[in-house]
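Asks: Sending over query_8.cif (mmCIF, C-alpha atoms).
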```cif
data_structure
loop_
_atom_site.label_atom_id
_atom_site.label_comp_id
_atom_site.auth_asym_id
_atom_site.auth_seq_id
_atom_site.Cartn_x
_atom_site.Cartn_y
_atom_site.Cartn_z
CA MET A 1 -41.83 -59.51 -144.12
CA GLY A 2 -42.24 -58.09 -140.62
CA ASP A 3 -41.40 -61.25 -138.67
CA ARG A 4 -38.71 -61.37 -136.03
CA LEU A 5 -35.18 -61.40 -137.33
CA PRO A 6 -32.52 -63.77 -136.02
CA ILE A 7 -29.87 -62.45 -133.69
CA ALA A 8 -26.48 -63.70 -134.83
CA ASP A 9 -24.93 -64.08 -131.39
CA ASP A 10 -26.04 -64.16 -127.79
CA PRO A 11 -26.66 -60.46 -127.01
CA ALA A 12 -25.16 -60.83 -123.58
CA ASP A 13 -21.92 -62.04 -125.14
CA ALA A 14 -21.89 -59.65 -128.08
CA SER A 15 -18.43 -59.38 -129.55
CA HIS A 16 -19.05 -56.45 -131.85
CA THR A 17 -15.86 -54.41 -132.13
CA PRO A 18 -16.53 -50.69 -132.70
CA VAL A 19 -14.05 -49.00 -135.02
CA LEU A 20 -11.95 -45.97 -134.06
CA LEU A 21 -13.46 -46.10 -130.58
CA THR A 22 -10.93 -44.05 -128.60
CA GLN A 23 -10.58 -41.49 -131.38
CA THR A 24 -14.36 -41.10 -131.54
CA LEU A 25 -14.79 -40.63 -127.79
CA ASP A 26 -11.92 -38.14 -127.67
CA GLY A 27 -13.19 -36.32 -130.75
CA LEU A 28 -16.64 -35.94 -129.23
CA ALA A 29 -15.02 -34.73 -125.99
CA VAL A 30 -17.38 -36.93 -124.00
CA ARG A 31 -17.50 -35.94 -120.35
CA PRO A 32 -19.57 -36.96 -117.31
CA GLY A 33 -23.17 -35.79 -117.57
CA ALA A 34 -23.12 -35.36 -121.35
CA TRP A 35 -26.24 -35.90 -123.45
CA LEU A 36 -25.33 -37.86 -126.57
CA ILE A 37 -27.05 -39.40 -129.59
CA ASP A 38 -25.79 -42.56 -131.28
CA CYS A 39 -27.63 -42.59 -134.60
CA THR A 40 -26.54 -46.14 -135.49
CA VAL A 41 -26.38 -48.34 -132.40
CA GLY A 42 -25.57 -51.51 -134.37
CA GLY A 43 -23.94 -53.96 -131.99
CA GLY A 44 -23.89 -51.42 -129.17
CA GLY A 45 -20.13 -51.03 -128.89
CA HIS A 46 -20.02 -47.28 -129.37
CA THR A 47 -23.20 -46.87 -127.34
CA GLU A 48 -21.76 -48.70 -124.36
CA ALA A 49 -18.56 -46.65 -124.52
CA LEU A 50 -20.52 -43.39 -124.66
CA LEU A 51 -22.45 -44.45 -121.58
CA SER A 52 -19.26 -45.37 -119.75
CA ARG A 53 -17.41 -42.15 -120.61
CA SER A 54 -20.43 -39.97 -119.69
CA ALA A 55 -21.08 -41.76 -116.36
CA PRO A 56 -22.44 -41.42 -113.79
CA ASP A 57 -25.32 -39.29 -115.05
CA GLY A 58 -24.83 -38.88 -118.78
CA ARG A 59 -27.60 -40.01 -121.12
CA VAL A 60 -27.62 -41.58 -124.58
CA LEU A 61 -30.37 -41.76 -127.19
CA GLY A 62 -29.70 -44.71 -129.49
CA ILE A 63 -31.30 -45.03 -132.93
CA ASP A 64 -31.29 -47.89 -135.41
CA ALA A 65 -33.41 -48.93 -138.38
CA ASP A 66 -32.73 -52.60 -137.68
CA PRO A 67 -35.15 -54.07 -135.11
CA ALA A 68 -32.68 -56.89 -134.40
CA ALA A 69 -30.10 -54.30 -133.36
CA ILE A 70 -32.59 -52.62 -131.03
CA ARG A 71 -33.45 -55.95 -129.41
CA ARG A 72 -29.80 -56.94 -129.09
CA VAL A 73 -28.72 -53.69 -127.46
CA SER A 74 -31.78 -53.58 -125.21
CA LEU A 75 -30.56 -56.87 -123.71
CA ARG A 76 -26.87 -56.03 -123.72
CA LEU A 77 -27.41 -52.65 -122.01
CA ALA A 78 -30.51 -53.46 -119.98
CA ASP A 79 -29.04 -51.92 -116.82
CA ALA A 80 -28.51 -48.56 -118.55
CA ILE A 81 -32.10 -48.62 -119.80
CA ALA A 82 -33.37 -49.43 -116.32
CA ALA A 83 -31.33 -46.53 -114.94
CA ARG A 84 -32.92 -44.24 -117.58
CA ARG A 85 -29.50 -43.45 -119.00
CA LEU A 86 -30.21 -45.13 -122.35
CA ILE A 87 -33.23 -44.64 -124.59
CA LEU A 88 -33.63 -46.72 -127.75
CA PHE A 89 -35.60 -45.61 -130.81
CA HIS A 90 -36.38 -47.91 -133.73
CA GLY A 91 -36.26 -46.00 -137.00
CA ASP A 92 -34.06 -44.61 -139.75
CA PHE A 93 -31.56 -42.04 -138.58
CA ALA A 94 -33.15 -39.63 -141.03
CA ARG A 95 -35.84 -39.40 -138.31
CA LEU A 96 -33.29 -38.02 -135.86
CA GLU A 97 -35.22 -34.89 -134.90
CA GLU A 98 -38.43 -36.91 -134.55
CA ALA A 99 -36.68 -39.28 -132.14
CA ALA A 100 -35.18 -36.43 -130.13
CA ALA A 101 -38.53 -34.64 -129.91
CA ALA A 102 -40.31 -37.81 -128.79
CA TYR A 103 -38.04 -38.04 -125.73
CA VAL A 104 -37.37 -34.31 -125.25
CA PHE A 105 -33.72 -35.07 -125.90
CA ALA A 106 -32.20 -31.75 -126.99
CA PRO A 107 -30.00 -29.84 -127.13
CA VAL A 108 -27.18 -32.39 -126.99
CA ASP A 109 -23.44 -32.40 -126.45
CA GLY A 110 -22.58 -34.85 -129.19
CA VAL A 111 -23.96 -36.83 -132.12
CA LEU A 112 -22.33 -39.94 -133.58
CA LEU A 113 -23.00 -41.48 -136.98
CA ASP A 114 -21.30 -44.81 -137.72
CA LEU A 115 -22.30 -45.51 -141.30
CA GLY A 116 -20.97 -49.05 -141.55
CA VAL A 117 -22.98 -52.26 -141.78
CA SER A 118 -22.75 -54.04 -138.43
CA SER A 119 -20.88 -57.31 -138.09
CA PHE A 120 -24.11 -58.94 -136.91
CA GLN A 121 -25.85 -58.03 -140.16
CA LEU A 122 -22.98 -59.42 -142.19
CA GLN A 123 -22.80 -62.61 -140.15
CA THR A 124 -26.52 -63.37 -140.33
CA SER A 125 -27.03 -65.08 -143.68
CA GLU A 126 -30.82 -64.58 -143.54
CA ARG A 127 -30.29 -60.82 -143.93
CA GLY A 128 -28.64 -61.22 -147.34
CA PHE A 129 -25.94 -58.56 -146.88
CA SER A 130 -22.93 -60.75 -147.61
CA PHE A 131 -21.98 -63.22 -150.31
CA MET A 132 -19.57 -64.99 -147.93
CA GLN A 133 -22.48 -67.24 -146.95
CA SER A 134 -25.59 -67.86 -149.01
CA GLY A 135 -28.82 -66.15 -148.01
CA PRO A 136 -31.87 -64.51 -149.60
CA LEU A 137 -31.35 -61.38 -151.69
CA ASP A 138 -32.71 -58.99 -149.09
CA MET A 139 -30.25 -56.37 -147.70
CA ARG A 140 -32.90 -54.34 -145.87
CA PHE A 141 -31.87 -52.71 -142.60
CA ASP A 142 -35.55 -52.61 -141.65
CA PRO A 143 -37.61 -55.61 -142.82
CA ALA A 144 -40.65 -53.34 -143.07
CA GLN A 145 -39.11 -51.57 -146.05
CA PRO A 146 -40.76 -52.63 -149.32
CA LEU A 147 -37.70 -52.70 -151.62
CA ARG A 148 -35.36 -55.70 -151.52
CA ALA A 149 -32.16 -56.37 -153.45
CA ALA A 150 -34.00 -59.16 -155.31
CA ASP A 151 -36.48 -56.62 -156.67
CA ILE A 152 -33.69 -54.53 -158.18
CA VAL A 153 -31.73 -57.45 -159.64
CA ASN A 154 -34.72 -59.31 -161.05
CA ASP A 155 -37.11 -56.52 -162.10
CA TRP A 156 -35.17 -53.42 -163.11
CA ASP A 157 -34.23 -52.93 -166.74
CA GLU A 158 -30.64 -53.31 -167.87
CA ARG A 159 -29.86 -49.60 -168.17
CA ASP A 160 -31.18 -48.71 -164.71
CA LEU A 161 -29.40 -51.69 -163.16
CA ALA A 162 -26.10 -50.72 -164.81
CA ASP A 163 -26.48 -47.11 -163.69
CA VAL A 164 -27.04 -48.19 -160.08
CA ILE A 165 -24.01 -50.49 -160.07
CA PHE A 166 -21.82 -47.79 -161.60
CA ARG A 167 -23.04 -44.85 -159.50
CA TYR A 168 -23.27 -46.46 -156.09
CA GLY A 169 -20.73 -49.25 -156.48
CA GLU A 170 -18.24 -47.29 -158.58
CA GLU A 171 -17.95 -50.48 -160.61
CA PRO A 172 -16.15 -49.92 -163.97
CA GLN A 173 -17.67 -53.09 -165.47
CA SER A 174 -21.22 -52.18 -164.50
CA ARG A 175 -22.69 -52.51 -167.99
CA ARG A 176 -21.18 -55.94 -168.55
CA ILE A 177 -22.48 -57.10 -165.18
CA ALA A 178 -25.97 -55.69 -165.75
CA ARG A 179 -26.20 -57.28 -169.19
CA TYR A 180 -25.21 -60.68 -167.83
CA LEU A 181 -27.60 -60.47 -164.88
CA VAL A 182 -30.54 -59.54 -167.08
CA GLN A 183 -29.77 -62.46 -169.39
CA HIS A 184 -29.51 -65.01 -166.57
CA ARG A 185 -32.05 -63.86 -163.98
CA PRO A 186 -33.95 -64.52 -161.79
CA PHE A 187 -31.64 -64.84 -158.78
CA THR A 188 -32.86 -65.75 -155.32
CA THR A 189 -29.72 -66.03 -153.19
CA THR A 190 -26.59 -64.01 -152.53
CA ALA A 191 -24.43 -66.96 -153.60
CA GLN A 192 -26.18 -67.19 -156.97
CA LEU A 193 -25.75 -63.47 -157.58
CA ALA A 194 -22.09 -63.40 -156.54
CA ASP A 195 -21.32 -66.37 -158.77
CA ALA A 196 -23.08 -64.73 -161.73
CA ILE A 197 -21.14 -61.48 -161.26
CA GLU A 198 -17.87 -63.38 -161.09
CA ARG A 199 -18.72 -65.16 -164.36
CA ALA A 200 -19.81 -61.89 -165.95
CA VAL A 201 -16.40 -60.28 -165.45
CA GLY A 202 -14.35 -63.39 -166.13
CA GLY A 203 -13.31 -64.27 -162.59
CA ARG A 204 -11.05 -62.57 -160.09
CA ARG A 205 -7.99 -62.34 -162.32
CA GLY A 206 -5.68 -62.04 -159.35
CA SER A 207 -7.65 -59.29 -157.61
CA ARG A 208 -7.89 -59.36 -153.79
CA LEU A 209 -11.38 -57.85 -154.04
CA HIS A 210 -14.18 -60.24 -154.91
CA PRO A 211 -15.81 -59.16 -158.23
CA ALA A 212 -19.22 -58.91 -156.52
CA THR A 213 -18.12 -56.52 -153.75
CA ARG A 214 -18.96 -53.26 -155.49
CA THR A 215 -22.26 -54.52 -156.88
CA PHE A 216 -23.38 -55.71 -153.44
CA GLN A 217 -22.44 -52.30 -152.02
CA ALA A 218 -24.51 -50.56 -154.69
CA LEU A 219 -27.56 -52.73 -154.08
CA ARG A 220 -27.40 -52.21 -150.30
CA ILE A 221 -27.12 -48.43 -150.71
CA VAL A 222 -30.13 -48.27 -153.00
CA VAL A 223 -32.28 -50.66 -150.95
CA ASN A 224 -31.78 -48.55 -147.82
CA ALA A 225 -31.54 -45.10 -149.51
CA GLU A 226 -28.33 -44.66 -147.54
CA LEU A 227 -26.81 -41.63 -149.26
CA ALA A 228 -30.09 -39.70 -149.27
CA GLN A 229 -30.48 -40.38 -145.56
CA ILE A 230 -27.00 -39.03 -144.82
CA GLU A 231 -27.87 -35.80 -146.60
CA VAL A 232 -31.07 -35.55 -144.53
CA VAL A 233 -29.58 -36.35 -141.13
CA LEU A 234 -26.54 -34.04 -141.12
CA PRO A 235 -28.52 -30.76 -140.90
CA GLN A 236 -30.73 -32.31 -138.24
CA ALA A 237 -27.70 -33.24 -136.16
CA LEU A 238 -26.42 -29.68 -136.43
CA ARG A 239 -29.74 -28.24 -135.24
CA LEU A 240 -29.83 -30.57 -132.22
CA LEU A 241 -26.30 -29.78 -131.06
CA LYS A 242 -25.78 -27.11 -128.44
CA PRO A 243 -23.07 -24.50 -129.22
CA GLY A 244 -19.75 -26.26 -128.66
CA GLY A 245 -21.38 -29.64 -129.22
CA ARG A 246 -19.65 -32.01 -131.57
CA LEU A 247 -20.58 -34.24 -134.49
CA ALA A 248 -18.55 -37.35 -135.35
CA VAL A 249 -19.16 -39.32 -138.55
CA ILE A 250 -17.49 -42.63 -139.43
CA SER A 251 -17.81 -43.57 -143.10
CA PHE A 252 -16.62 -46.66 -144.94
CA HIS A 253 -16.57 -45.76 -148.61
CA SER A 254 -15.85 -42.75 -150.73
CA LEU A 255 -19.46 -41.86 -151.59
CA GLU A 256 -20.39 -41.50 -147.91
CA ASP A 257 -17.20 -39.66 -147.02
CA ARG A 258 -17.61 -37.26 -149.94
CA ILE A 259 -21.08 -36.21 -148.75
CA VAL A 260 -19.89 -35.68 -145.17
CA LYS A 261 -16.74 -33.82 -146.20
CA GLN A 262 -18.58 -31.48 -148.58
CA TRP A 263 -21.35 -30.74 -146.09
CA MET A 264 -18.89 -29.93 -143.30
CA GLN A 265 -16.90 -27.69 -145.61
CA ASP A 266 -20.05 -25.86 -146.71
CA GLU A 267 -21.12 -25.28 -143.10
CA ALA A 268 -17.64 -24.05 -142.17
CA ARG A 269 -17.54 -21.43 -144.95
CA ASP A 270 -18.36 -17.77 -144.47
CA TYR A 271 -18.91 -17.32 -148.22
CA VAL A 272 -21.49 -19.51 -149.94
CA PRO A 273 -21.93 -19.71 -153.75
CA ASP A 274 -25.35 -18.62 -154.97
CA PRO A 275 -25.87 -18.86 -158.76
CA THR A 276 -28.99 -16.64 -158.58
CA ARG A 277 -26.97 -13.63 -157.40
CA LEU A 278 -25.08 -11.33 -159.73
CA HIS A 279 -21.72 -11.84 -158.02
CA GLY A 280 -22.29 -15.54 -157.41
CA GLY A 281 -22.29 -15.68 -153.62
CA TYR A 282 -23.19 -14.17 -150.27
CA ASN A 283 -21.64 -13.83 -146.85
CA ARG A 284 -22.85 -15.59 -143.72
CA ARG A 285 -21.50 -16.78 -140.41
CA PRO A 286 -20.14 -20.35 -140.50
CA THR A 287 -22.03 -22.83 -138.31
CA LEU A 288 -19.28 -25.42 -137.88
CA ARG A 289 -15.59 -25.59 -137.07
CA ILE A 290 -13.95 -28.61 -138.66
CA LEU A 291 -11.66 -30.38 -136.20
CA THR A 292 -10.24 -32.94 -138.64
CA LYS A 293 -8.52 -31.36 -141.64
CA LYS A 294 -7.93 -34.91 -142.83
CA PRO A 295 -10.09 -37.84 -141.72
CA ILE A 296 -8.80 -39.97 -138.88
CA VAL A 297 -8.07 -43.56 -139.94
CA ALA A 298 -7.21 -46.73 -138.06
CA ASP A 299 -3.58 -47.50 -137.33
CA ALA A 300 -1.93 -50.81 -138.20
CA THR A 301 -2.62 -52.27 -134.77
CA GLU A 302 -6.37 -51.71 -135.05
CA VAL A 303 -6.50 -52.95 -138.63
CA ASN A 304 -4.76 -56.16 -137.60
CA ARG A 305 -7.16 -56.60 -134.71
CA ASN A 306 -10.27 -55.56 -136.65
CA PRO A 307 -9.88 -55.76 -140.46
CA ARG A 308 -13.23 -53.93 -140.96
CA SER A 309 -11.56 -50.76 -139.69
CA ARG A 310 -9.26 -50.62 -142.73
CA SER A 311 -11.65 -48.47 -144.76
CA ALA A 312 -13.08 -46.39 -141.88
CA LYS A 313 -12.72 -42.61 -141.94
CA LEU A 314 -13.67 -40.40 -139.01
CA ARG A 315 -14.54 -36.72 -139.44
CA ILE A 316 -15.35 -34.43 -136.51
CA ALA A 317 -16.79 -30.92 -136.36
CA GLU A 318 -17.88 -28.56 -133.59
CA LYS A 319 -20.97 -26.36 -133.66
CA LEU A 320 -20.11 -22.67 -133.43
CA PRO A 321 -22.06 -20.27 -131.22
CA THR A 322 -24.61 -18.01 -132.86
CA ILE A 323 -24.82 -14.28 -132.26
#
```
Let me see the file written as structure tokens.
Replies:
Amino acid sequence: MGDRLPIADDPADASHTPVLLTQTLDGLAVRPGAWLIDCTVGGGGHTEALLSRSAPDGRVLGIDADPAAIRRVSLRLADAIAARRLILFHGDFARLEEAAAAYVFAPVDGVLLDLGVSSFQLQTSERGFSFMQSGPLDMRFDPAQPLRAADIVNDWDERDLADVIFRYGEEPQSRRIARYLVQHRPFTTTAQLADAIERAVGGRRGSRLHPATRTFQALRIVVNAELAQIEVVLPQALRLLKPGGRLAVISFHSLEDRIVKQWMQDEARDYVPDPTRLHGGYNRRPTLRILTKKPIVADATEVNRNPRSRSAKLRIAEKLPTI
């Protein structure tokens, strides 16, 4: 379970393409000397750009739950580590404040959260994230985590499995899929599972989206507790930012974006609902100023160059000063 994971490509030649790169750097207002946290280093594309824009003396704390990502970026950006401009921390981004405290890395000028699965994870069949190539039903960002996708698919009862697929995959045929999977399990590979889902719903029927896409999304979210971790990390990021510091979040599906949008709106309000009070609310000073009334999305040029950017949404907010 805890053995070394394969690295999909030579780290020195990593071709990871970060989405919305220029918009993210501009939104964070990265300047020379800035202290920045990249909560999801992934392939290191955003991390490298943050280091470049904050040169010559800016510093970046990079966090990732995937040990393969930490190893890859430690090789790709070895010079920045040697210069003490980059610090890498292996752990879930829900441990953001723990990581910052360990390296006395606060307050900071900017925090970045890129919530997408990295291209390296998708391309490495042994990780089990994609049905485009067969691999074990794993889907763990951190191989030390106990829960695997196979455990959910093969052990959970039909009702719980259907609820997961519907809630986290927003799959309208969740009950049909769950029923079929329970009747035909066990499954050991991503290819087996994808084929079973396709048979459960009667094939593609002309749809561009593979029938297994939403179910795979749901399983990955549950395995890694992704939505719960977003809810945990956002307040931590706010506490670590200095007044005027900025938070940028890139999400890739509606469930993630909904959490980020609602949290930013709540922190930007000066009137907060409180059902325990007679008049239903109370006044307070807002803690954030939202800089993106609508999320920033990739233009046609970027989508053509990097199809993964099609579903990306970038939201940016600035921490307000306290009195």
Asks: Given the file above and the PyMOL selection byres ((chain A and resi 26) around 12), which residues are selected, and can you give them as a count of residues only?
Replies: 23
Asks: Which value, in Å to one decimal, gives the distance between CA of Ile197 in chain A and CA of Ile259 in chain A?
Replies: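 Interatomic distance here is 28.2 Å.
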Asks: Counting all atoms listed in the file, which residues come within 12 Å of (-17.9, -43.7, -151.7), with the point read in the file's coordinates, and could you list them as a list in words?
Replies: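 Output of the proximity query reads Leu115, Gly116, Phe166, Arg167, Tyr168, Gly169, Glu170, Glu171, Arg214, Gln217, Ala218, Ile221, Glu226, Leu227, Ser251, Phe252, His253, Ser254, Leu255, Glu256, Asp257, Arg258, Ile259, Val260, Lys261, Ser311, Ala312 and Lys313 of chain A.
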Asks: Counting only C-alpha atoms, which residue out of A:Gly245, A:Pro172, A:Gly42, A:Gly203 sits closest to Phe93 in chain A?
Replies: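 Between A:Gly245, A:Pro172, A:Gly42, A:Gly203, the residue approaching Phe93 in chain A most closely is A:Gly42.
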Asks: Taking the file above as input, evaluate the PyMOL selection byres ((chain A and resi 56) around 10) and report the hits as a PyMOL selection string.
Replies: chain A and resi 31-34+51-55+57-59+85
Asks: Counting all atoms listed in the file, figure out which residue out of A:Pro295, A:Gly91, A:Pro107, A:Pro321 gets nearest to Arg239 in chain A.
Replies: A:Pro107
Asks: Write out as a ChimeraX atom specification the residues lying within 7 Å of Pro67 in chain A, counting all atoms listed in the file and excluding same-chain residues fewer than 4 positions away.
Replies: /A:71,90,142
Asks: I'd like to know which of A:Gly135, A:Phe141, A:Val19, A:Asp109 is closest to Ile70 in chain A, using all atoms listed in the file.
Replies: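 Ranked by minimum distance to Ile70 in chain A, first place goes to A:Phe141.
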Asks: Using only C-alpha atoms, find the one residue out of A:Gln262, A:Ser207, A:Ser130, A:Asn224 that sits nearest to Pro143 in chain A.
Replies: A:Asn224
Asks: To test your reading of the syntax: which residues would the PyMOL selection byres ((chain A and resi 40) around 6) return for the file shown? Reply as a ChimeraX atom specification.
Replies: /A:38-39,41-42,63-64,114
Asks: Keeping only C-alpha atoms, take the residues you just selected and write them out as a PDB file, keeping the file's coordinate frame.
Replies:
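Dumped everything to out.pdb:
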```
ATOM      1  CA  ASP A  38     -25.790 -42.560-131.280  1.00  0.00           C
ATOM      2  CA  CYS A  39     -27.630 -42.590-134.600  1.00  0.00           C
ATOM      3  CA  VAL A  41     -26.380 -48.340-132.400  1.00  0.00           C
ATOM      4  CA  GLY A  42     -25.570 -51.510-134.370  1.00  0.00           C
ATOM      5  CA  ILE A  63     -31.300 -45.030-132.930  1.00  0.00           C
ATOM      6  CA  ASP A  64     -31.290 -47.890-135.410  1.00  0.00           C
ATOM      7  CA  ASP A 114     -21.300 -44.810-137.720  1.00  0.00           C
TER       8      ASP A 114
END
```
